[in-house]
Every structure is written in C-alpha cells, then in structure tokens.
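Dumped structure_33.cif below, it's mmCIF, C-alpha atoms:
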```cif
data_coords
#
loop_
_atom_site.group_PDB
_atom_site.id
_atom_site.type_symbol
_atom_site.label_atom_id
_atom_site.label_comp_id
_atom_site.auth_asym_id
_atom_site.auth_seq_id
_atom_site.Cartn_x
_atom_site.Cartn_y
_atom_site.Cartn_z
ATOM 1 C CA MET A 1 0.000 0.000 0.000
ATOM 2 C CA THR A 2 1.469 3.361 -1.061
ATOM 3 C CA LYS A 3 1.364 6.545 1.010
ATOM 4 C CA SER A 4 -1.325 8.157 -1.201
ATOM 5 C CA GLU A 5 -3.538 5.048 -1.035
ATOM 6 C CA THR A 6 -3.273 4.993 2.768
ATOM 7 C CA LEU A 7 -4.273 8.668 3.032
ATOM 8 C CA GLU A 8 -7.244 8.091 0.710
ATOM 9 C CA MET A 9 -8.393 5.154 2.861
ATOM 10 C CA TYR A 10 -8.324 7.242 6.052
ATOM 11 C CA ASP A 11 -10.090 10.189 4.346
ATOM 12 C CA SER A 12 -12.937 8.030 3.025
ATOM 13 C CA PHE A 13 -13.286 6.316 6.417
ATOM 14 C CA TYR A 14 -13.704 9.577 8.328
ATOM 15 C CA MET A 15 -15.944 11.114 5.647
ATOM 16 C CA SER A 16 -18.298 8.122 5.935
ATOM 17 C CA TYR A 17 -18.633 8.054 9.724
ATOM 18 C CA GLY A 18 -17.439 11.430 11.009
ATOM 19 C CA SER A 19 -14.831 11.992 13.705
ATOM 20 C CA ASP A 20 -17.396 12.551 16.508
ATOM 21 C CA SER A 21 -19.239 9.321 15.757
ATOM 22 C CA MET A 22 -15.973 7.404 15.617
ATOM 23 C CA GLU A 23 -14.867 8.753 19.003
ATOM 24 C CA THR A 24 -18.196 7.766 20.548
ATOM 25 C CA LEU A 25 -18.011 4.300 19.001
ATOM 26 C CA LYS A 26 -14.420 3.915 20.189
ATOM 27 C CA LYS A 27 -15.344 4.793 23.794
ATOM 28 C CA THR A 28 -18.344 2.436 23.723
ATOM 29 C CA LEU A 29 -16.285 -0.473 22.422
ATOM 30 C CA ALA A 30 -13.541 0.180 24.988
ATOM 31 C CA LYS A 31 -16.099 0.180 27.814
ATOM 32 C CA GLU A 32 -17.687 -3.062 26.588
ATOM 33 C CA GLN A 33 -14.295 -4.767 26.326
ATOM 34 C CA ARG A 34 -13.391 -3.606 29.824
ATOM 35 C CA ASP A 35 -16.672 -4.930 31.226
ATOM 36 C CA ILE A 36 -16.119 -8.301 29.521
ATOM 37 C CA ARG A 37 -12.627 -8.558 30.997
ATOM 38 C CA ILE A 38 -13.776 -7.642 34.507
ATOM 39 C CA ARG A 39 -16.633 -10.161 34.384
ATOM 40 C CA LYS A 40 -14.296 -12.880 33.171
ATOM 41 C CA PHE A 41 -11.800 -12.118 35.927
ATOM 42 C CA THR A 42 -14.375 -12.009 38.743
ATOM 43 C CA ARG A 43 -16.007 -15.267 37.592
ATOM 44 C CA ASN A 44 -12.660 -17.036 37.881
ATOM 45 C CA ARG A 45 -12.587 -17.966 41.565
ATOM 46 C CA ALA A 46 -8.974 -19.075 41.416
ATOM 47 C CA SER A 47 -7.866 -15.672 40.118
ATOM 48 C CA VAL A 48 -9.906 -13.855 42.756
ATOM 49 C CA PHE A 49 -8.386 -16.083 45.434
ATOM 50 C CA GLY A 50 -4.918 -15.284 44.112
ATOM 51 C CA LEU A 51 -5.665 -11.550 44.189
ATOM 52 C CA VAL A 52 -6.944 -11.775 47.772
ATOM 53 C CA VAL A 53 -3.846 -13.694 48.896
ATOM 54 C CA VAL A 54 -1.440 -11.254 47.242
ATOM 55 C CA VAL A 55 -3.250 -8.186 48.599
ATOM 56 C CA LEU A 56 -3.328 -9.752 52.074
ATOM 57 C CA MET A 57 0.414 -10.446 51.990
ATOM 58 C CA ILE A 58 1.134 -6.901 50.852
ATOM 59 C CA LEU A 59 -1.032 -5.479 53.639
ATOM 60 C CA LEU A 60 0.698 -7.677 56.220
ATOM 61 C CA ALA A 61 4.078 -6.469 55.002
ATOM 62 C CA ILE A 62 3.032 -2.802 55.063
ATOM 63 C CA LEU A 63 1.362 -3.030 58.478
ATOM 64 C CA ALA A 64 4.112 -5.142 60.059
ATOM 65 C CA PRO A 65 5.053 -2.486 62.675
ATOM 66 C CA VAL A 66 1.400 -2.273 63.741
ATOM 67 C CA ILE A 67 0.639 -6.010 63.716
ATOM 68 C CA CYS A 68 3.801 -7.335 65.365
ATOM 69 C CA LEU A 69 4.083 -7.101 69.140
ATOM 70 C CA HIS A 70 7.815 -7.849 69.155
ATOM 71 C CA ASP A 71 10.952 -6.654 67.422
ATOM 72 C CA PRO A 72 12.031 -9.339 64.919
ATOM 73 C CA LEU A 73 15.672 -8.840 65.931
ATOM 74 C CA ALA A 74 15.153 -8.725 69.716
ATOM 75 C CA LEU A 75 16.887 -11.606 71.529
ATOM 76 C CA ASP A 76 15.330 -13.436 74.470
ATOM 77 C CA VAL A 77 17.524 -16.481 75.080
ATOM 78 C CA ALA A 78 15.584 -17.453 78.194
ATOM 79 C CA ASN A 79 12.548 -18.207 75.988
ATOM 80 C CA ARG A 80 14.314 -19.912 73.086
ATOM 81 C CA LEU A 81 12.478 -22.607 71.097
ATOM 82 C CA LYS A 82 9.148 -22.020 72.846
ATOM 83 C CA GLY A 83 5.955 -23.143 71.104
ATOM 84 C CA SER A 84 2.919 -21.055 70.214
ATOM 85 C CA SER A 85 1.508 -18.941 73.038
ATOM 86 C CA ALA A 86 -0.493 -15.788 73.624
ATOM 87 C CA GLN A 87 2.755 -13.821 73.736
ATOM 88 C CA HIS A 88 4.455 -15.538 70.780
ATOM 89 C CA TRP A 89 1.830 -16.640 68.256
ATOM 90 C CA PHE A 90 4.255 -18.614 66.080
ATOM 91 C CA GLY A 91 6.660 -19.519 68.890
ATOM 92 C CA THR A 92 10.295 -18.467 69.171
ATOM 93 C CA ASP A 93 13.480 -19.461 67.387
ATOM 94 C CA GLY A 94 16.844 -20.664 68.679
ATOM 95 C CA MET A 95 17.716 -17.192 69.986
ATOM 96 C CA GLY A 96 14.348 -16.411 71.494
ATOM 97 C CA ARG A 97 13.233 -14.129 68.662
ATOM 98 C CA ASP A 98 9.516 -14.018 67.854
ATOM 99 C CA VAL A 99 8.888 -16.149 64.755
ATOM 100 C CA PHE A 100 5.629 -14.372 63.889
ATOM 101 C CA ALA A 101 7.410 -11.004 63.757
ATOM 102 C CA ARG A 102 10.233 -12.466 61.683
ATOM 103 C CA VAL A 103 7.812 -14.077 59.217
ATOM 104 C CA ILE A 104 5.791 -10.869 58.782
ATOM 105 C CA TYR A 105 8.888 -8.679 58.430
ATOM 106 C CA GLY A 106 10.345 -11.347 56.155
ATOM 107 C CA ALA A 107 7.391 -10.759 53.819
ATOM 108 C CA ARG A 108 8.725 -7.236 53.282
ATOM 109 C CA ILE A 109 12.060 -8.513 52.005
ATOM 110 C CA SER A 110 10.650 -11.364 49.927
ATOM 111 C CA LEU A 111 7.956 -9.214 48.282
ATOM 112 C CA ALA A 112 10.392 -6.345 47.710
ATOM 113 C CA VAL A 113 12.852 -8.687 46.001
ATOM 114 C CA GLY A 114 10.141 -10.279 43.840
ATOM 115 C CA PHE A 115 8.587 -6.956 42.831
ATOM 116 C CA SER A 116 11.938 -5.316 42.047
ATOM 117 C CA VAL A 117 13.182 -8.247 39.992
ATOM 118 C CA GLY A 118 9.900 -8.471 38.052
ATOM 119 C CA ILE A 119 9.788 -4.758 37.175
ATOM 120 C CA ILE A 120 13.493 -4.320 36.375
ATOM 121 C CA SER A 121 13.824 -7.512 34.330
ATOM 122 C CA GLY A 122 10.578 -6.708 32.495
ATOM 123 C CA ALA A 123 11.722 -3.186 31.584
ATOM 124 C CA ALA A 124 15.209 -4.331 30.570
ATOM 125 C CA GLY A 125 13.810 -7.252 28.578
ATOM 126 C CA LEU A 126 11.411 -4.918 26.755
ATOM 127 C CA VAL A 127 14.208 -2.550 25.708
ATOM 128 C CA ILE A 128 16.543 -5.368 24.646
ATOM 129 C CA GLY A 129 13.790 -7.210 22.775
ATOM 130 C CA LEU A 130 12.654 -4.104 20.891
ATOM 131 C CA TYR A 131 16.199 -3.173 19.897
ATOM 132 C CA ALA A 132 17.013 -6.731 18.818
ATOM 133 C CA SER A 133 13.882 -6.897 16.647
ATOM 134 C CA THR A 134 15.026 -3.896 14.567
ATOM 135 C CA ASN A 135 18.758 -4.499 14.236
ATOM 136 C CA LYS A 136 20.057 -7.789 12.842
ATOM 137 C CA VAL A 137 23.604 -7.349 14.126
ATOM 138 C CA ALA A 138 22.430 -6.453 17.626
ATOM 139 C CA ASP A 139 19.893 -9.276 17.417
ATOM 140 C CA ASN A 140 22.608 -11.886 16.824
ATOM 141 C CA ILE A 141 24.823 -10.542 19.608
ATOM 142 C CA LEU A 142 22.112 -10.010 22.249
ATOM 143 C CA MET A 143 20.267 -13.261 21.600
ATOM 144 C CA ARG A 144 23.488 -15.301 21.735
ATOM 145 C CA ILE A 145 24.263 -13.717 25.111
ATOM 146 C CA CYS A 146 20.741 -14.615 26.254
ATOM 147 C CA ASP A 147 21.206 -18.179 24.979
ATOM 148 C CA GLY A 148 24.435 -18.463 26.929
ATOM 149 C CA LEU A 149 22.802 -17.270 30.144
ATOM 150 C CA LYS A 150 19.817 -19.578 29.643
ATOM 151 C CA ALA A 151 22.158 -22.547 29.183
ATOM 152 C CA ILE A 152 23.191 -22.217 32.854
ATOM 153 C CA PRO A 153 20.643 -23.442 35.442
ATOM 154 C CA SER A 154 19.039 -20.367 36.994
ATOM 155 C CA THR A 155 19.739 -21.271 40.626
ATOM 156 C CA LEU A 156 23.366 -22.136 39.865
ATOM 157 C CA LEU A 157 23.815 -18.858 37.984
ATOM 158 C CA ALA A 158 22.248 -16.923 40.862
ATOM 159 C CA ILE A 159 24.544 -18.622 43.406
ATOM 160 C CA THR A 160 27.580 -17.849 41.236
ATOM 161 C CA LEU A 161 26.623 -14.195 40.934
ATOM 162 C CA MET A 162 26.010 -13.954 44.675
ATOM 163 C CA ALA A 163 29.431 -15.481 45.332
ATOM 164 C CA VAL A 164 30.982 -12.745 43.174
ATOM 165 C CA LEU A 165 28.860 -9.829 44.404
ATOM 166 C CA GLY A 166 28.502 -10.809 48.059
ATOM 167 C CA ALA A 167 25.519 -11.513 50.297
ATOM 168 C CA ASP A 168 23.271 -8.447 50.320
ATOM 169 C CA ILE A 169 19.659 -7.729 49.395
ATOM 170 C CA LYS A 170 20.716 -5.380 46.582
ATOM 171 C CA ASN A 171 22.984 -8.056 45.151
ATOM 172 C CA VAL A 172 20.147 -10.595 45.387
ATOM 173 C CA ILE A 173 18.000 -8.285 43.239
ATOM 174 C CA ILE A 174 20.847 -7.755 40.756
ATOM 175 C CA SER A 175 21.632 -11.466 40.404
ATOM 176 C CA LEU A 176 17.977 -12.511 40.021
ATOM 177 C CA THR A 177 17.410 -9.723 37.499
ATOM 178 C CA ILE A 178 20.321 -10.979 35.383
ATOM 179 C CA VAL A 179 18.887 -14.492 35.601
ATOM 180 C CA ASN A 180 15.422 -13.419 34.389
ATOM 181 C CA ILE A 181 16.314 -10.841 31.716
ATOM 182 C CA PRO A 182 17.011 -13.437 28.947
ATOM 183 C CA ASN A 183 13.489 -14.900 29.147
ATOM 184 C CA MET A 184 11.898 -11.451 29.110
ATOM 185 C CA ALA A 185 14.085 -10.259 26.243
ATOM 186 C CA ARG A 186 13.340 -13.282 24.069
ATOM 187 C CA LEU A 187 9.610 -12.927 24.756
ATOM 188 C CA ALA A 188 9.664 -9.218 23.880
ATOM 189 C CA ARG A 189 11.667 -9.886 20.714
ATOM 190 C CA SER A 190 9.342 -12.642 19.484
ATOM 191 C CA GLN A 191 6.260 -10.498 20.083
ATOM 192 C CA ALA A 192 7.857 -7.459 18.431
ATOM 193 C CA LEU A 193 8.742 -9.470 15.307
ATOM 194 C CA VAL A 194 5.091 -10.508 14.985
ATOM 195 C CA VAL A 195 3.727 -6.987 15.516
ATOM 196 C CA LYS A 196 6.213 -5.527 13.012
ATOM 197 C CA GLU A 197 4.452 -7.383 10.207
ATOM 198 C CA GLN A 198 0.986 -6.070 11.076
ATOM 199 C CA THR A 199 -0.830 -3.864 8.555
ATOM 200 C CA TYR A 200 -1.029 -0.787 10.779
ATOM 201 C CA VAL A 201 2.762 -0.797 11.240
ATOM 202 C CA GLU A 202 3.216 -0.983 7.485
ATOM 203 C CA ALA A 203 0.785 1.920 7.154
ATOM 204 C CA MET A 204 2.841 4.002 9.574
ATOM 205 C CA ARG A 205 5.967 3.274 7.553
ATOM 206 C CA CYS A 206 4.163 4.387 4.395
ATOM 207 C CA LEU A 207 3.160 7.613 6.150
ATOM 208 C CA GLY A 208 6.825 8.298 6.839
ATOM 209 C CA ALA A 209 6.851 7.715 10.594
ATOM 210 C CA LYS A 210 10.291 7.420 12.189
ATOM 211 C CA LYS A 211 11.501 4.032 13.406
ATOM 212 C CA SER A 212 11.731 5.277 17.001
ATOM 213 C CA ARG A 213 8.123 6.516 16.881
ATOM 214 C CA ILE A 214 6.883 3.214 15.478
ATOM 215 C CA LEU A 215 8.735 1.292 18.206
ATOM 216 C CA CYS A 216 7.609 3.464 21.123
ATOM 217 C CA ARG A 217 4.071 4.383 20.056
ATOM 218 C CA HIS A 218 2.877 1.367 18.097
ATOM 219 C CA ILE A 219 4.978 -1.759 18.724
ATOM 220 C CA ALA A 220 5.849 -1.431 22.435
ATOM 221 C CA PRO A 221 2.246 -0.877 23.678
ATOM 222 C CA ASN A 222 1.055 -3.918 21.723
ATOM 223 C CA ILE A 223 3.603 -6.322 23.209
ATOM 224 C CA LEU A 224 3.098 -5.258 26.828
ATOM 225 C CA SER A 225 0.276 -7.727 27.504
ATOM 226 C CA PRO A 226 2.341 -10.954 27.452
ATOM 227 C CA LEU A 227 5.193 -9.179 29.241
ATOM 228 C CA ILE A 228 2.916 -8.063 32.088
ATOM 229 C CA VAL A 229 1.675 -11.622 32.523
ATOM 230 C CA GLN A 230 5.252 -12.928 32.496
ATOM 231 C CA VAL A 231 6.252 -10.347 35.130
ATOM 232 C CA THR A 232 3.763 -11.885 37.581
ATOM 233 C CA PHE A 233 5.377 -15.296 37.108
ATOM 234 C CA VAL A 234 8.874 -13.803 37.468
ATOM 235 C CA PHE A 235 7.629 -12.183 40.695
ATOM 236 C CA ALA A 236 6.646 -15.608 42.029
ATOM 237 C CA SER A 237 9.773 -17.426 40.855
ATOM 238 C CA SER A 238 12.000 -14.706 42.330
ATOM 239 C CA ILE A 239 10.440 -15.223 45.765
ATOM 240 C CA ILE A 240 11.208 -18.948 45.549
ATOM 241 C CA THR A 241 14.756 -18.372 44.290
ATOM 242 C CA GLU A 242 15.447 -15.744 46.982
ATOM 243 C CA ALA A 243 14.225 -18.186 49.621
ATOM 244 C CA ALA A 244 16.448 -20.904 48.128
ATOM 245 C CA LEU A 245 19.493 -18.606 48.097
ATOM 246 C CA SER A 246 18.876 -17.543 51.707
ATOM 247 C CA PHE A 247 18.354 -21.184 52.704
ATOM 248 C CA LEU A 248 21.734 -22.023 51.176
ATOM 249 C CA GLY A 249 23.363 -19.078 52.941
ATOM 250 C CA ALA A 250 23.933 -17.100 49.732
ATOM 251 C CA GLY A 251 20.978 -14.728 49.943
ATOM 252 C CA VAL A 252 19.845 -12.101 52.422
ATOM 253 C CA PRO A 253 22.380 -12.181 55.281
ATOM 254 C CA ALA A 254 21.346 -12.814 58.889
ATOM 255 C CA PRO A 255 20.021 -11.448 61.152
ATOM 256 C CA ALA A 256 17.701 -9.706 58.643
ATOM 257 C CA PRO A 257 14.530 -11.802 58.484
ATOM 258 C CA SER A 258 13.572 -13.429 55.198
ATOM 259 C CA TRP A 259 11.548 -16.569 54.638
ATOM 260 C CA GLY A 260 14.604 -18.360 53.295
ATOM 261 C CA ASN A 261 16.973 -17.699 56.187
ATOM 262 C CA ILE A 262 14.201 -18.475 58.728
ATOM 263 C CA LEU A 263 13.929 -21.898 57.064
ATOM 264 C CA TYR A 264 17.717 -22.185 57.132
ATOM 265 C CA GLU A 265 17.774 -21.471 60.874
ATOM 266 C CA GLY A 266 14.960 -23.961 61.482
ATOM 267 C CA LYS A 267 16.464 -26.930 59.630
ATOM 268 C CA SER A 268 18.821 -27.794 62.504
ATOM 269 C CA VAL A 269 15.985 -27.831 65.086
ATOM 270 C CA ILE A 270 13.192 -29.195 62.911
ATOM 271 C CA TYR A 271 12.374 -32.010 65.354
ATOM 272 C CA ASN A 272 12.284 -29.694 68.368
ATOM 273 C CA ALA A 273 10.827 -26.549 66.756
ATOM 274 C CA TRP A 274 8.731 -27.566 63.751
ATOM 275 C CA TRP A 275 7.060 -24.132 63.673
ATOM 276 C CA MET A 276 10.268 -22.552 62.368
ATOM 277 C CA ILE A 277 9.841 -24.613 59.188
ATOM 278 C CA VAL A 278 6.059 -24.767 58.832
ATOM 279 C CA TYR A 279 5.069 -21.089 59.155
ATOM 280 C CA PRO A 280 7.581 -19.503 56.754
ATOM 281 C CA GLY A 281 7.037 -22.439 54.393
ATOM 282 C CA VAL A 282 3.261 -21.904 54.404
ATOM 283 C CA PHE A 283 3.655 -18.150 53.807
ATOM 284 C CA THR A 284 6.061 -18.770 50.921
ATOM 285 C CA ALA A 285 3.813 -21.406 49.320
ATOM 286 C CA LEU A 286 0.663 -19.274 49.686
ATOM 287 C CA THR A 287 2.314 -16.197 48.206
ATOM 288 C CA VAL A 288 3.709 -18.070 45.206
ATOM 289 C CA LEU A 289 0.374 -19.839 44.655
ATOM 290 C CA GLY A 290 -1.486 -16.524 44.848
ATOM 291 C CA LEU A 291 0.875 -14.881 42.351
ATOM 292 C CA ASN A 292 0.550 -17.772 39.886
ATOM 293 C CA LEU A 293 -3.250 -17.739 40.100
ATOM 294 C CA LEU A 294 -3.250 -13.959 39.778
ATOM 295 C CA GLY A 295 -1.018 -14.234 36.719
ATOM 296 C CA ASP A 296 -3.567 -16.511 35.050
ATOM 297 C CA GLY A 297 -6.289 -14.012 35.899
ATOM 298 C CA VAL A 298 -4.258 -11.104 34.516
ATOM 299 C CA ARG A 299 -3.781 -13.038 31.279
ATOM 300 C CA ASP A 300 -7.543 -13.527 30.979
ATOM 301 C CA PHE A 301 -8.168 -9.870 31.833
ATOM 302 C CA ILE A 302 -5.730 -8.620 29.199
ATOM 303 C CA ASP A 303 -6.844 -11.121 26.550
ATOM 304 C CA PRO A 304 -10.605 -11.823 26.911
ATOM 305 C CA MET A 305 -10.453 -14.266 23.996
ATOM 306 C CA SER A 306 -8.024 -16.597 25.823
ATOM 307 C CA SER A 307 -9.389 -19.950 26.907
#
```

As a first step, turn the structure in this file into structure tokens.
Amino acid sequence: MTKSETLEMYDSFYMSYGSDSMETLKKTLAKEQRDIRIRKFTRNRASVFGLVVVVLMILLAILAPVICLHDPLALDVANRLKGSSAQHWFGTDGMGRDVFARVIYGARISLAVGFSVGIISGAAGLVIGLYASTNKVADNILMRICDGLKAIPSTLLAITLMAVLGADIKNVIISLTIVNIPNMARLARSQALVVKEQTYVEAMRCLGAKKSRILCRHIAPNILSPLIVQVTFVFASSIITEAALSFLGAGVPAPAPSWGNILYEGKSVIYNAWWMIVYPGVFTALTVLGLNLLGDGVRDFIDPMSS
C-alpha cells in the first residue's frame, strides 16, 4: 500500500462516519471490552483467590510495625524454642526471637525482592527485545548472550553471581534480574517481530513515521500484555529463588529476616521446633500460589479471547 492510497483510505473512512461518531463508538467499544474482561476475571474464583492472597500479603508487610508485638531482631535467650503462646503466636526461634514477627517482616524482604526483579527484568527485557527486533547485528549478539545465560541453570547462575557480588539484598535483586532478563528479552523480541508485520505498522511506515516513533508508540504498547503476565510469574519465581538462596546461605544475610533464612535457621531444630519450618514455608507457598493464580487471571483480563 502506497502513502497516497493509505491517506485516501483514512479520508474516506472519516468522511463516511465522522470523527465525533468514531470517538463515541471507540469509547463504547472500549467500555464493553473492559466490562467483559472484569466479568471474566471475577467469575474465575482461582484468580480472585490469588488476588486476595497477594493483597493480604502486601497489607501484612506494610502493616508489620502495627501487627507485630515484638521486634524481629530482639533476643530473648531465656525463651528460646518455645511453642505457640499468647505472647508468641508462632513460637520463638533458637535465639528467642519471635517467629511471627520475623515471618511478617520477612514478607517485606521477599515481596520487595520479587517486585523489584519483576519490574526491572521486564523493563530491561522490553528494551533489549525491541532493539534486537530492529537491528540484525544487535539481534545476533544479544540473543546469543541470552542463549548463553539460559544454558546455565538459573539457581546455579544466581549462586555464582552472589558469590561474586557478596551476600546483600541489593545483590540478590541484581543477580535474580540478570537471571530473568534473557526470558523477558526473548519474549519481547518474538512479540515485536510478529507486531512488526501487522498492517497498521506498514501503514505508519508508508506515512513516513520514524523508526523510534513506530517502536515506542505502536509496537511497544502492543507487546506489553504478554510481558505483564510474564512479570507476575517472574515475581513468584524470584520469591522462591530468593528463599532458596537464603536457605543455602547465599541470599539475604542474617540477622535480617527473610523466609529463606528463617527456614535455614529452622532446619537444625526441625524435630524440636517444627514451627520454624512450617510457618515460613506456608507463607512462601501461599504467596507463590497466589501470584501464579493472579497471573492466570491477569492473562484472561488482558486477553478476553483466551481460553
């Protein structure tokens, strides 16, 4: 389609319907699509359950100073390894610290790590994928780097990076971001290559639009949907990986509470203090389950035609 033919098509379209009528129709269709998506999401009980769990965990993390009666770092050796009581709801650990306070404050670290890794890896993957889809030389270089990173098991790569960077929450975020960027970049690239061949992109090229404008205004917004869904799954997997790193002693350093290092501290006293394993394990499992169910619901909300 030439530039003159494209302009004639748009002129005849607007002359037939009028700009005001088209704006009204556009708003009506957008509202109907939004209503369909909301109904589909609310009818999916699993997705609603996932949303409730995630919101509840976020509220617990935010309100930790209000909810917790004890300092998660306060030592009380005289009451070490005590079971559940009115004073210590989840019992105490090997140093007399309140397990409930440590689990709730640990939610702050685990959720912060998951959220940061999901957002940063998603943004970096989007930029890399878009650039790779428009430049063949950069595509070969960037995708081979991604292939090399994906060839290494994610947990092993994360442990290696932590060994180089050192045990710290910032380094945990950096290492997990590096681990997850290749998947996000390849997803963004594959989606961008499909969108590039769409008719409306060809029309913009015929109208003389710059490559940067086409990428930012027309390709990027139309590949965000699968990336947003993938970010929710990266959020969940990052929580598990952070817990695994902390359990292995390569994650968030003690005495800062995280679900992983609480499990690490509880493994040596599992027969005498089972609550140190059960409670952080249940919180980790519930959060990851909620995020996975929410991710399915977000996919249905974004794409109402999905099964």

Produce a table with one row for each residue of range 38-139 of chain A that has an atom at most 12 Å from any atom of range 193-196 of chain A, each row naming the nearest atom pair and its distance in Å at one decimal; use all atoms listed in the file; arrange rows by chain and rising residue number; format as CSV.
```
residue,atom,partner,partner_atom,distance
A:Gly129,CA,A:Leu193,CA,9.3
A:Leu130,CA,A:Leu193,CA,8.7
A:Tyr131,CA,A:Leu193,CA,10.8
A:Ala132,CA,A:Leu193,CA,9.4
A:Ser133,CA,A:Leu193,CA,5.9
A:Thr134,CA,A:Leu193,CA,8.4
A:Asn135,CA,A:Leu193,CA,11.2
A:Lys136,CA,A:Leu193,CA,11.7
A:Asp139,CA,A:Leu193,CA,11.4
```

For Asn79 in chain A, list every protein, DNA or RNA residue within 7 Å, evaluated using all atoms listed in the file, and leave out those in the same chain fewer than 3 positions away; present the list as a list of chain:residue names.
A:Asp76, A:Lys82, A:Gly96

Polymer residues at most 10 Å from Pro226 in chain A, all atoms listed in the file, same-chain spacing of 3 or more positions, as a list in words:
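The residues satisfying every condition are Met184, Leu187, Ala188, Gln191, Asn222, Ile223, Val229, Gln230, Val231, Val298, Arg299, Ile302 and Asp303 of chain A.
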
CA of Ile67 in chain A to CA of Ser116 in chain A measures 24.4 Å

Atom pair CA of Gly83 in chain A + CA of Asp98 in chain A, distance 10.3 Å

For Ile181 in chain A, the nearest of the candidates A:Gln198, A:Ser258, A:Ser85, A:Ser154, counting all atoms listed in the file:
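Of A:Gln198, A:Ser258, A:Ser85, A:Ser154, the one nearest Ile181 in chain A, counting all atoms listed in the file, is A:Ser154.
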
Of the candidates A:Arg217, A:Gly114, A:Ile152, A:Val164, which shows the shortest atom-to-atom distance to Ala243 in chain A, using only C-alpha atoms?
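Once distances to Ala243 in chain A are computed over only C-alpha atoms, the minimum belongs to A:Gly114.
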
Could you work out how far CA of Ser84 in chain A lies from CA of Trp275 in chain A, giving the answer in Å with one decimal?
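Here the two named atoms are 8.3 Å from each other.
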
Can you turn the PyMOL selection byres ((chain A and resi 235) around 8) into a concrete residue list for this file, as a list of chain:residue names?
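That expression, the PyMOL selection byres ((chain A and resi 235) around 8), corresponds here to A:Gly114, A:Phe115, A:Val117, A:Gly118, A:Val231, A:Thr232, A:Phe233, A:Val234, A:Ala236, A:Ser237, A:Ser238, A:Ile239, A:Leu291.
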
Completion of range 196-216 of chain A up to N, CA and C atoms, as a CSV table (one decimal), in the coordinates of the input:
```
chain,number,residue,atom,x,y,z
A,196,LYS,N,5.6,-6.3,14.1
A,196,LYS,CA,6.2,-5.5,13.0
A,196,LYS,C,5.6,-5.8,11.7
A,197,GLU,N,5.0,-7.0,11.5
A,197,GLU,CA,4.5,-7.4,10.2
A,197,GLU,C,3.0,-7.0,10.1
A,198,GLN,N,2.4,-6.4,11.1
A,198,GLN,CA,1.0,-6.1,11.1
A,198,GLN,C,0.7,-4.9,10.1
A,199,THR,N,-0.5,-4.8,9.6
A,199,THR,CA,-0.8,-3.9,8.6
A,199,THR,C,-0.7,-2.4,9.1
A,200,TYR,N,-1.1,-2.2,10.3
A,200,TYR,CA,-1.0,-0.8,10.8
A,200,TYR,C,0.4,-0.3,10.9
A,201,VAL,N,1.4,-1.2,11.2
A,201,VAL,CA,2.8,-0.8,11.2
A,201,VAL,C,3.3,-0.5,9.8
A,202,GLU,N,2.9,-1.3,8.9
A,202,GLU,CA,3.2,-1.0,7.5
A,202,GLU,C,2.6,0.4,7.1
A,203,ALA,N,1.4,0.6,7.5
A,203,ALA,CA,0.8,1.9,7.2
A,203,ALA,C,1.6,3.1,7.7
A,204,MET,N,2.0,2.9,9.0
A,204,MET,CA,2.8,4.0,9.6
A,204,MET,C,4.2,4.2,8.8
A,205,ARG,N,4.7,3.1,8.3
A,205,ARG,CA,6.0,3.3,7.6
A,205,ARG,C,5.7,4.0,6.3
A,206,CYS,N,4.5,3.7,5.6
A,206,CYS,CA,4.2,4.4,4.4
A,206,CYS,C,3.9,5.9,4.6
A,207,LEU,N,3.4,6.2,5.8
A,207,LEU,CA,3.2,7.6,6.2
A,207,LEU,C,4.4,8.4,6.5
A,208,GLY,N,5.5,7.6,6.6
A,208,GLY,CA,6.8,8.3,6.8
A,208,GLY,C,7.2,8.4,8.3
A,209,ALA,N,6.5,7.6,9.2
A,209,ALA,CA,6.9,7.7,10.6
A,209,ALA,C,8.3,7.2,10.9
A,210,LYS,N,8.9,7.8,11.8
A,210,LYS,CA,10.3,7.4,12.2
A,210,LYS,C,10.3,6.1,12.9
A,211,LYS,N,11.4,5.4,12.8
A,211,LYS,CA,11.5,4.0,13.4
A,211,LYS,C,11.3,4.1,14.9
A,212,SER,N,11.9,5.1,15.6
A,212,SER,CA,11.7,5.3,17.0
A,212,SER,C,10.3,5.5,17.4
A,213,ARG,N,9.5,6.3,16.6
A,213,ARG,CA,8.1,6.5,16.9
A,213,ARG,C,7.3,5.2,16.7
A,214,ILE,N,7.6,4.5,15.7
A,214,ILE,CA,6.9,3.2,15.5
A,214,ILE,C,7.1,2.3,16.6
A,215,LEU,N,8.4,2.2,17.1
A,215,LEU,CA,8.7,1.3,18.2
A,215,LEU,C,8.0,1.7,19.5
A,216,CYS,N,8.1,3.0,19.8
A,216,CYS,CA,7.6,3.5,21.1
A,216,CYS,C,6.1,3.6,21.2
```
